[in-house]
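J.: Please find one structure pasted underneath; my questions will follow.
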Amino acid sequence: MATLKELEQQQVELAKEIAEMRQQQRAEAIKTVQELIAENMLTQSDVFPSTRAVKAKTPKAPKVAGKVAPKYIDPVSGATWTGRGKTPAWIKGDKEEYLIDKSAVETS
């Protein structure tokens, strides 16, 4: 069985090997990237586009207010109301009397 001192020495040696291996892999990766950039004539903005440029190129979808189905109907004139905005003058008393779909009251 190894002593504590021997294990600590192994740890130091492994840490050195890990650092050397990392440095070697990094150098190889840099070389590969440089070759690809030169081969494909890439610019810095091709490889690293700024976030502003990406956002500027991405069009925003226009905000469109969706239509709402009418919820209430005037039995006399046939006028409808979605239930949004100011209550129309033809609605007097209980709104439930003017509902187009009476089952909507039961589910809500």
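Labels used: A, B, ... for chains in the order of the structure tokens, numbers from 1 for residues in each chain, and numbers from 1 for ligands as shown.
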From a backbone DSSP assignment, name each residue in chain A labelled helix (DSSP H, G or I), as a short mmCIF file (atom, residue, chain, number, x, y, z; two decimals) with all heavy atoms, in the first residue's frame.
T.:
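Saved file result00.cif follows:
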```cif
data_model
loop_
_atom_site.label_atom_id
_atom_site.label_comp_id
_atom_site.auth_asym_id
_atom_site.auth_seq_id
_atom_site.Cartn_x
_atom_site.Cartn_y
_atom_site.Cartn_z
N LEU A 4 0.97 8.15 2.22
CA LEU A 4 0.38 9.43 1.91
C LEU A 4 1.33 10.28 1.08
O LEU A 4 0.92 10.93 0.11
CB LEU A 4 -0.02 10.15 3.21
CG LEU A 4 -0.66 11.54 3.05
CD1 LEU A 4 -1.93 11.46 2.23
CD2 LEU A 4 -0.92 12.17 4.39
N LYS A 5 2.59 10.27 1.43
CA LYS A 5 3.60 11.06 0.72
C LYS A 5 3.71 10.60 -0.74
O LYS A 5 3.81 11.41 -1.65
CB LYS A 5 4.94 10.95 1.44
CG LYS A 5 5.94 12.00 1.04
CD LYS A 5 7.11 12.00 2.00
CE LYS A 5 7.73 13.38 1.92
NZ LYS A 5 8.63 13.66 2.99
N GLU A 6 3.68 9.29 -0.95
CA GLU A 6 3.77 8.76 -2.31
C GLU A 6 2.53 9.15 -3.14
O GLU A 6 2.64 9.53 -4.30
CB GLU A 6 3.90 7.23 -2.28
CG GLU A 6 5.23 6.75 -1.74
CD GLU A 6 5.25 5.24 -1.51
OE1 GLU A 6 4.17 4.61 -1.47
OE2 GLU A 6 6.37 4.70 -1.39
N LEU A 7 1.37 9.08 -2.53
CA LEU A 7 0.13 9.45 -3.22
C LEU A 7 0.12 10.94 -3.58
O LEU A 7 -0.31 11.33 -4.66
CB LEU A 7 -1.09 9.09 -2.38
CG LEU A 7 -1.38 7.60 -2.22
CD1 LEU A 7 -2.54 7.39 -1.24
CD2 LEU A 7 -1.68 6.96 -3.55
N GLU A 8 0.60 11.78 -2.65
CA GLU A 8 0.67 13.22 -2.93
C GLU A 8 1.63 13.51 -4.07
O GLU A 8 1.38 14.37 -4.91
CB GLU A 8 1.07 13.98 -1.66
CG GLU A 8 -0.03 14.03 -0.63
CD GLU A 8 0.42 14.66 0.69
OE1 GLU A 8 1.65 14.76 0.94
OE2 GLU A 8 -0.46 15.02 1.49
N GLN A 9 2.76 12.76 -4.13
CA GLN A 9 3.73 12.92 -5.21
C GLN A 9 3.09 12.51 -6.54
O GLN A 9 3.27 13.19 -7.55
CB GLN A 9 4.99 12.08 -4.94
CG GLN A 9 6.07 12.22 -5.99
CD GLN A 9 6.60 13.64 -6.12
OE1 GLN A 9 6.68 14.38 -5.14
NE2 GLN A 9 6.93 14.03 -7.34
N GLN A 10 2.33 11.42 -6.54
CA GLN A 10 1.63 10.99 -7.74
C GLN A 10 0.61 12.04 -8.18
O GLN A 10 0.45 12.32 -9.37
CB GLN A 10 0.91 9.65 -7.50
CG GLN A 10 1.83 8.46 -7.40
CD GLN A 10 1.06 7.18 -7.08
OE1 GLN A 10 -0.17 7.18 -6.95
NE2 GLN A 10 1.80 6.08 -6.93
N GLN A 11 -0.04 12.66 -7.22
CA GLN A 11 -1.02 13.70 -7.51
C GLN A 11 -0.36 14.88 -8.19
O GLN A 11 -0.88 15.42 -9.17
CB GLN A 11 -1.74 14.14 -6.22
CG GLN A 11 -2.84 15.15 -6.46
CD GLN A 11 -3.52 15.58 -5.16
OE1 GLN A 11 -2.97 15.42 -4.07
NE2 GLN A 11 -4.71 16.12 -5.28
N VAL A 12 0.81 15.29 -7.69
CA VAL A 12 1.55 16.41 -8.28
C VAL A 12 1.97 16.07 -9.72
O VAL A 12 1.83 16.87 -10.64
CB VAL A 12 2.77 16.78 -7.41
CG1 VAL A 12 3.69 17.75 -8.12
CG2 VAL A 12 2.31 17.36 -6.07
N GLU A 13 2.46 14.84 -9.91
CA GLU A 13 2.89 14.42 -11.24
C GLU A 13 1.72 14.35 -12.21
O GLU A 13 1.83 14.76 -13.36
CB GLU A 13 3.61 13.06 -11.14
CG GLU A 13 4.95 13.13 -10.44
CD GLU A 13 5.55 11.76 -10.14
OE1 GLU A 13 4.97 10.74 -10.59
OE2 GLU A 13 6.57 11.72 -9.43
N LEU A 14 0.59 13.83 -11.74
CA LEU A 14 -0.61 13.77 -12.59
C LEU A 14 -1.11 15.17 -12.95
O LEU A 14 -1.52 15.42 -14.08
CB LEU A 14 -1.72 12.98 -11.89
CG LEU A 14 -1.58 11.47 -11.89
CD1 LEU A 14 -2.67 10.82 -11.04
CD2 LEU A 14 -1.61 10.92 -13.30
N ALA A 15 -1.06 16.09 -12.01
CA ALA A 15 -1.48 17.46 -12.27
C ALA A 15 -0.61 18.09 -13.36
O ALA A 15 -1.11 18.80 -14.24
CB ALA A 15 -1.44 18.29 -11.00
N LYS A 16 0.71 17.80 -13.32
CA LYS A 16 1.61 18.31 -14.35
C LYS A 16 1.28 17.70 -15.70
O LYS A 16 1.24 18.40 -16.72
CB LYS A 16 3.07 18.00 -13.98
CG LYS A 16 3.64 18.86 -12.89
CD LYS A 16 5.08 18.47 -12.61
CE LYS A 16 5.64 19.23 -11.41
NZ LYS A 16 7.02 18.84 -11.09
N GLU A 17 1.02 16.39 -15.73
CA GLU A 17 0.68 15.71 -16.98
C GLU A 17 -0.63 16.26 -17.56
O GLU A 17 -0.75 16.47 -18.77
CB GLU A 17 0.55 14.20 -16.76
CG GLU A 17 1.88 13.48 -16.63
CD GLU A 17 1.70 11.97 -16.49
OE1 GLU A 17 0.95 11.39 -17.31
OE2 GLU A 17 2.29 11.40 -15.56
N ILE A 18 -1.59 16.50 -16.69
CA ILE A 18 -2.88 17.05 -17.12
C ILE A 18 -2.68 18.43 -17.73
O ILE A 18 -3.22 18.73 -18.79
CB ILE A 18 -3.89 17.08 -15.95
CG1 ILE A 18 -4.30 15.65 -15.59
CG2 ILE A 18 -5.11 17.92 -16.28
CD1 ILE A 18 -5.11 15.53 -14.31
N ALA A 19 -1.91 19.27 -17.08
CA ALA A 19 -1.65 20.63 -17.59
C ALA A 19 -0.96 20.57 -18.94
O ALA A 19 -1.30 21.33 -19.86
CB ALA A 19 -0.84 21.42 -16.58
N GLU A 20 0.03 19.69 -19.09
CA GLU A 20 0.75 19.56 -20.36
C GLU A 20 -0.19 19.07 -21.46
O GLU A 20 -0.16 19.57 -22.59
CB GLU A 20 1.93 18.61 -20.20
CG GLU A 20 3.08 19.18 -19.38
CD GLU A 20 4.17 18.14 -19.07
OE1 GLU A 20 4.09 17.00 -19.58
OE2 GLU A 20 5.09 18.47 -18.30
N MET A 21 -1.01 18.08 -21.15
CA MET A 21 -1.95 17.54 -22.12
C MET A 21 -2.95 18.60 -22.56
O MET A 21 -3.27 18.71 -23.74
CB MET A 21 -2.68 16.33 -21.52
CG MET A 21 -3.63 15.65 -22.48
SD MET A 21 -2.82 14.79 -23.83
CE MET A 21 -2.15 13.40 -22.95
N ARG A 22 -3.47 19.39 -21.60
CA ARG A 22 -4.40 20.48 -21.93
C ARG A 22 -3.76 21.48 -22.87
O ARG A 22 -4.37 21.91 -23.84
CB ARG A 22 -4.82 21.19 -20.64
CG ARG A 22 -6.19 20.88 -20.25
CD ARG A 22 -6.76 21.80 -19.19
NE ARG A 22 -7.74 21.00 -18.47
CZ ARG A 22 -7.74 20.76 -17.19
NH1 ARG A 22 -6.82 21.29 -16.42
NH2 ARG A 22 -8.67 20.02 -16.65
N GLN A 23 -2.53 21.86 -22.58
CA GLN A 23 -1.81 22.84 -23.38
C GLN A 23 -1.60 22.28 -24.80
O GLN A 23 -1.76 23.01 -25.79
CB GLN A 23 -0.48 23.19 -22.73
CG GLN A 23 0.22 24.36 -23.37
CD GLN A 23 1.47 24.76 -22.59
OE1 GLN A 23 1.90 24.07 -21.69
NE2 GLN A 23 2.05 25.89 -22.98
N GLN A 24 -1.24 21.03 -24.91
CA GLN A 24 -1.01 20.40 -26.21
C GLN A 24 -2.32 20.34 -27.02
O GLN A 24 -2.33 20.69 -28.20
CB GLN A 24 -0.46 18.98 -26.01
CG GLN A 24 -0.17 18.26 -27.31
CD GLN A 24 0.30 16.82 -27.08
OE1 GLN A 24 0.43 16.38 -25.93
NE2 GLN A 24 0.55 16.11 -28.15
N GLN A 25 -3.42 19.94 -26.40
CA GLN A 25 -4.71 19.87 -27.09
C GLN A 25 -5.18 21.25 -27.52
O GLN A 25 -5.73 21.42 -28.60
CB GLN A 25 -5.75 19.19 -26.21
CG GLN A 25 -5.57 17.70 -26.11
CD GLN A 25 -6.66 17.04 -25.26
OE1 GLN A 25 -7.44 17.72 -24.59
NE2 GLN A 25 -6.69 15.72 -25.29
N ARG A 26 -4.94 22.25 -26.69
CA ARG A 26 -5.32 23.62 -27.01
C ARG A 26 -4.55 24.11 -28.22
O ARG A 26 -5.12 24.72 -29.14
CB ARG A 26 -5.07 24.53 -25.80
CG ARG A 26 -5.54 25.94 -25.98
CD ARG A 26 -5.42 26.71 -24.66
NE ARG A 26 -6.04 28.01 -24.77
CZ ARG A 26 -5.41 29.12 -25.15
NH1 ARG A 26 -4.12 29.08 -25.44
NH2 ARG A 26 -6.05 30.26 -25.25
N ALA A 27 -3.25 23.84 -28.24
CA ALA A 27 -2.41 24.26 -29.37
C ALA A 27 -2.88 23.59 -30.66
O ALA A 27 -2.94 24.23 -31.71
CB ALA A 27 -0.95 23.94 -29.08
N GLU A 28 -3.22 22.30 -30.59
CA GLU A 28 -3.72 21.59 -31.77
C GLU A 28 -5.05 22.16 -32.24
O GLU A 28 -5.28 22.32 -33.44
CB GLU A 28 -3.87 20.10 -31.45
CG GLU A 28 -2.54 19.37 -31.30
CD GLU A 28 -2.71 17.93 -30.81
OE1 GLU A 28 -3.86 17.44 -30.73
OE2 GLU A 28 -1.67 17.31 -30.52
N ALA A 29 -5.93 22.50 -31.31
CA ALA A 29 -7.23 23.07 -31.66
C ALA A 29 -7.05 24.43 -32.33
O ALA A 29 -7.71 24.72 -33.34
CB ALA A 29 -8.10 23.19 -30.41
N ILE A 30 -6.16 25.25 -31.80
CA ILE A 30 -5.90 26.57 -32.39
C ILE A 30 -5.37 26.41 -33.81
O ILE A 30 -5.81 27.11 -34.73
CB ILE A 30 -4.93 27.38 -31.50
CG1 ILE A 30 -5.64 27.79 -30.20
CG2 ILE A 30 -4.40 28.61 -32.24
CD1 ILE A 30 -4.73 28.41 -29.16
N LYS A 31 -4.46 25.48 -33.99
CA LYS A 31 -3.88 25.25 -35.32
C LYS A 31 -4.97 24.83 -36.30
O LYS A 31 -5.04 25.34 -37.43
CB LYS A 31 -2.79 24.19 -35.24
CG LYS A 31 -2.10 23.94 -36.56
CD LYS A 31 -1.02 22.87 -36.42
CE LYS A 31 -0.41 22.59 -37.79
NZ LYS A 31 0.51 21.46 -37.76
N THR A 32 -5.84 23.92 -35.89
CA THR A 32 -6.93 23.45 -36.74
C THR A 32 -7.87 24.58 -37.11
O THR A 32 -8.26 24.74 -38.28
CB THR A 32 -7.72 22.33 -36.03
OG1 THR A 32 -6.83 21.28 -35.70
CG2 THR A 32 -8.84 21.80 -36.90
N VAL A 33 -8.23 25.40 -36.15
CA VAL A 33 -9.13 26.52 -36.40
C VAL A 33 -8.48 27.53 -37.34
O VAL A 33 -9.12 28.02 -38.28
CB VAL A 33 -9.56 27.19 -35.06
CG1 VAL A 33 -10.29 28.50 -35.31
CG2 VAL A 33 -10.41 26.25 -34.24
N GLN A 34 -7.21 27.83 -37.15
CA GLN A 34 -6.51 28.76 -38.02
C GLN A 34 -6.47 28.24 -39.45
O GLN A 34 -6.66 29.01 -40.40
CB GLN A 34 -5.09 29.03 -37.50
CG GLN A 34 -5.07 29.87 -36.25
CD GLN A 34 -3.67 29.99 -35.64
OE1 GLN A 34 -2.80 29.15 -35.87
NE2 GLN A 34 -3.48 31.03 -34.83
N GLU A 35 -6.25 26.95 -39.62
CA GLU A 35 -6.23 26.36 -40.96
C GLU A 35 -7.60 26.47 -41.63
O GLU A 35 -7.70 26.80 -42.80
CB GLU A 35 -5.78 24.90 -40.89
CG GLU A 35 -4.31 24.72 -40.58
CD GLU A 35 -3.93 23.27 -40.30
OE1 GLU A 35 -4.81 22.38 -40.30
OE2 GLU A 35 -2.72 23.03 -40.07
N LEU A 36 -8.65 26.18 -40.88
CA LEU A 36 -10.00 26.28 -41.42
C LEU A 36 -10.35 27.72 -41.82
O LEU A 36 -10.98 27.95 -42.85
CB LEU A 36 -11.02 25.75 -40.41
CG LEU A 36 -11.06 24.24 -40.23
CD1 LEU A 36 -11.94 23.87 -39.04
CD2 LEU A 36 -11.56 23.56 -41.49
N ILE A 37 -9.95 28.67 -40.99
CA ILE A 37 -10.22 30.08 -41.28
C ILE A 37 -9.50 30.48 -42.56
O ILE A 37 -10.09 31.13 -43.44
CB ILE A 37 -9.81 30.97 -40.09
CG1 ILE A 37 -10.80 30.76 -38.94
CG2 ILE A 37 -9.76 32.44 -40.50
CD1 ILE A 37 -10.39 31.44 -37.64
N ALA A 38 -8.24 30.11 -42.69
CA ALA A 38 -7.47 30.47 -43.88
C ALA A 38 -8.03 29.77 -45.12
O ALA A 38 -8.17 30.38 -46.18
CB ALA A 38 -6.00 30.11 -43.67
N GLU A 39 -8.35 28.51 -44.99
CA GLU A 39 -8.85 27.71 -46.11
C GLU A 39 -10.17 28.24 -46.65
O GLU A 39 -10.42 28.24 -47.84
CB GLU A 39 -9.01 26.26 -45.65
CG GLU A 39 -9.49 25.30 -46.72
CD GLU A 39 -9.61 23.89 -46.16
OE1 GLU A 39 -8.69 23.45 -45.44
OE2 GLU A 39 -10.63 23.24 -46.44
N ASN A 40 -11.05 28.71 -45.75
CA ASN A 40 -12.38 29.18 -46.15
C ASN A 40 -12.49 30.69 -46.22
O ASN A 40 -13.59 31.21 -46.41
CB ASN A 40 -13.43 28.62 -45.18
CG ASN A 40 -13.52 27.13 -45.27
OD1 ASN A 40 -13.97 26.59 -46.27
ND2 ASN A 40 -13.08 26.43 -44.23
N GLN A 44 -13.38 37.62 -38.95
CA GLN A 44 -13.73 37.54 -37.53
C GLN A 44 -15.25 37.61 -37.35
O GLN A 44 -15.82 36.90 -36.54
CB GLN A 44 -13.06 38.68 -36.76
CG GLN A 44 -13.33 38.63 -35.28
CD GLN A 44 -12.59 39.71 -34.51
OE1 GLN A 44 -11.84 40.47 -35.10
NE2 GLN A 44 -12.82 39.78 -33.23
N SER A 45 -15.92 38.46 -38.14
CA SER A 45 -17.37 38.58 -38.00
C SER A 45 -18.10 37.32 -38.50
O SER A 45 -19.20 37.04 -38.08
CB SER A 45 -17.88 39.81 -38.73
OG SER A 45 -17.59 39.72 -40.11
N ASP A 46 -17.45 36.56 -39.42
CA ASP A 46 -18.05 35.29 -39.84
C ASP A 46 -18.03 34.28 -38.70
O ASP A 46 -18.99 33.55 -38.48
CB ASP A 46 -17.27 34.68 -41.02
CG ASP A 46 -17.41 35.48 -42.31
OD1 ASP A 46 -18.45 36.15 -42.48
OD2 ASP A 46 -16.48 35.42 -43.14
N VAL A 47 -16.92 34.24 -38.00
CA VAL A 47 -16.74 33.26 -36.94
C VAL A 47 -17.42 33.69 -35.64
O VAL A 47 -18.02 32.88 -34.95
CB VAL A 47 -15.24 32.99 -36.70
CG1 VAL A 47 -15.04 31.97 -35.59
CG2 VAL A 47 -14.58 32.50 -37.98
N THR A 51 -23.75 39.99 -31.08
CA THR A 51 -25.16 39.76 -30.76
C THR A 51 -26.03 40.85 -31.36
O THR A 51 -27.17 40.60 -31.71
CB THR A 51 -25.37 39.71 -29.24
OG1 THR A 51 -24.86 40.90 -28.65
CG2 THR A 51 -24.70 38.50 -28.64
N ARG A 52 -25.50 42.04 -31.52
CA ARG A 52 -26.28 43.12 -32.14
C ARG A 52 -26.57 42.79 -33.59
O ARG A 52 -27.67 42.99 -34.07
CB ARG A 52 -25.53 44.44 -32.07
CG ARG A 52 -25.51 45.05 -30.70
CD ARG A 52 -24.85 46.39 -30.74
NE ARG A 52 -24.73 46.93 -29.40
CZ ARG A 52 -24.15 48.07 -29.13
NH1 ARG A 52 -23.62 48.80 -30.09
NH2 ARG A 52 -24.09 48.49 -27.89
N ALA A 53 -25.57 42.28 -34.29
CA ALA A 53 -25.77 41.95 -35.69
C ALA A 53 -26.78 40.84 -35.85
O ALA A 53 -27.62 40.87 -36.75
CB ALA A 53 -24.44 41.55 -36.33
N VAL A 54 -26.75 39.87 -34.98
CA VAL A 54 -27.70 38.76 -35.05
C VAL A 54 -29.10 39.27 -34.77
O VAL A 54 -30.04 38.93 -35.47
CB VAL A 54 -27.32 37.64 -34.05
CG1 VAL A 54 -28.40 36.59 -33.96
CG2 VAL A 54 -26.00 37.01 -34.45
N LYS A 55 -29.26 40.10 -33.77
CA LYS A 55 -30.57 40.63 -33.44
C LYS A 55 -31.09 41.54 -34.54
O LYS A 55 -32.27 41.55 -34.83
CB LYS A 55 -30.52 41.40 -32.11
CG LYS A 55 -30.40 40.49 -30.91
CD LYS A 55 -30.39 41.27 -29.63
CE LYS A 55 -30.22 40.35 -28.43
NZ LYS A 55 -30.13 41.10 -27.19
N ALA A 56 -30.21 42.31 -35.16
CA ALA A 56 -30.63 43.22 -36.21
C ALA A 56 -31.12 42.45 -37.44
O ALA A 56 -32.04 42.88 -38.12
CB ALA A 56 -29.49 44.15 -36.60
N LYS A 57 -30.54 41.30 -37.71
CA LYS A 57 -30.92 40.51 -38.88
C LYS A 57 -32.19 39.72 -38.64
O LYS A 57 -32.85 39.32 -39.59
CB LYS A 57 -29.78 39.55 -39.26
CG LYS A 57 -28.57 40.24 -39.82
CD LYS A 57 -27.50 39.23 -40.17
CE LYS A 57 -26.23 39.92 -40.64
NZ LYS A 57 -25.15 38.95 -40.91
N LYS A 95 -76.30 39.88 -17.66
CA LYS A 95 -75.62 39.60 -18.93
C LYS A 95 -75.90 38.19 -19.42
O LYS A 95 -75.87 37.92 -20.62
CB LYS A 95 -74.10 39.77 -18.79
CG LYS A 95 -73.64 41.18 -18.63
CD LYS A 95 -72.12 41.19 -18.55
CE LYS A 95 -71.61 42.54 -18.13
NZ LYS A 95 -70.15 42.54 -17.95
N GLU A 96 -76.17 37.27 -18.50
CA GLU A 96 -76.37 35.87 -18.86
C GLU A 96 -77.56 35.68 -19.81
O GLU A 96 -77.59 34.73 -20.59
CB GLU A 96 -76.55 35.02 -17.60
CG GLU A 96 -75.29 34.92 -16.77
CD GLU A 96 -75.47 34.08 -15.52
OE1 GLU A 96 -76.44 33.29 -15.45
OE2 GLU A 96 -74.64 34.22 -14.62
N GLU A 97 -78.50 36.58 -19.78
CA GLU A 97 -79.67 36.50 -20.65
C GLU A 97 -79.26 36.71 -22.12
O GLU A 97 -79.96 36.25 -23.02
CB GLU A 97 -80.70 37.56 -20.27
CG GLU A 97 -81.29 37.37 -18.90
CD GLU A 97 -82.19 38.53 -18.50
OE1 GLU A 97 -82.70 39.23 -19.41
OE2 GLU A 97 -82.38 38.73 -17.30
N TYR A 98 -78.16 37.38 -22.36
CA TYR A 98 -77.73 37.73 -23.71
C TYR A 98 -76.63 36.81 -24.24
O TYR A 98 -76.13 37.01 -25.35
CB TYR A 98 -77.25 39.18 -23.75
CG TYR A 98 -78.31 40.17 -23.34
CD1 TYR A 98 -78.42 40.62 -22.03
CD2 TYR A 98 -79.22 40.64 -24.28
CE1 TYR A 98 -79.38 41.52 -21.66
CE2 TYR A 98 -80.21 41.55 -23.92
CZ TYR A 98 -80.29 41.98 -22.61
OH TYR A 98 -81.26 42.87 -22.26
N SER A 103 -73.93 27.36 -22.41
CA SER A 103 -73.04 26.42 -21.73
C SER A 103 -71.75 27.09 -21.28
O SER A 103 -71.04 26.57 -20.43
CB SER A 103 -72.73 25.22 -22.64
OG SER A 103 -71.98 25.66 -23.77
N ALA A 104 -71.45 28.26 -21.84
CA ALA A 104 -70.23 28.98 -21.43
C ALA A 104 -70.31 29.42 -19.97
O ALA A 104 -69.32 29.51 -19.29
CB ALA A 104 -70.00 30.20 -22.34
N VAL A 105 -71.53 29.68 -19.50
CA VAL A 105 -71.71 30.09 -18.10
C VAL A 105 -71.41 28.93 -17.18
O VAL A 105 -70.79 29.08 -16.15
CB VAL A 105 -73.17 30.60 -17.88
CG1 VAL A 105 -73.41 30.90 -16.43
CG2 VAL A 105 -73.44 31.80 -18.74
N GLU A 106 -71.81 27.72 -17.56
CA GLU A 106 -71.64 26.54 -16.73
C GLU A 106 -70.16 26.17 -16.59
O GLU A 106 -69.74 25.70 -15.55
CB GLU A 106 -72.40 25.37 -17.32
CG GLU A 106 -73.90 25.61 -17.37
CD GLU A 106 -74.62 24.58 -18.20
OE1 GLU A 106 -73.98 23.57 -18.61
OE2 GLU A 106 -75.81 24.75 -18.46
N THR A 107 -69.35 26.37 -17.66
CA THR A 107 -67.94 25.96 -17.62
C THR A 107 -67.04 26.99 -16.98
O THR A 107 -65.96 26.67 -16.56
CB THR A 107 -67.43 25.68 -19.04
OG1 THR A 107 -67.57 26.84 -19.84
CG2 THR A 107 -68.15 24.50 -19.66
#
```
J.: Among chain A, which residues carry a DSSP assignment of strand (DSSP E), reported as a ChimeraX atom specification?
T.: /A:72-73,80-81
J.: Pick the closest to A:Ile91 from A:Asp74, A:Met41, A:Ala79, A:Ser50: which is it, counting only C-alpha atoms?
T.: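 The answer is A:Asp74, which sits nearest to A:Ile91.
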J.: Fewer than 4 positions away in the same chain doesn't count, so skip those; otherwise give me all residues within 9 Å of A:Ile73, counting only C-alpha atoms, as an NGL selection string.
T.: :A and (77-82 or 91 or 98-100)
J.: Work out how far apart atom CA of A:Lys67 and atom CA of A:Arg84 are and give it in Å to one decimal.
T.: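 Atom CA of A:Arg84 lies at a distance of 11.2 Å from atom CA of A:Lys67.
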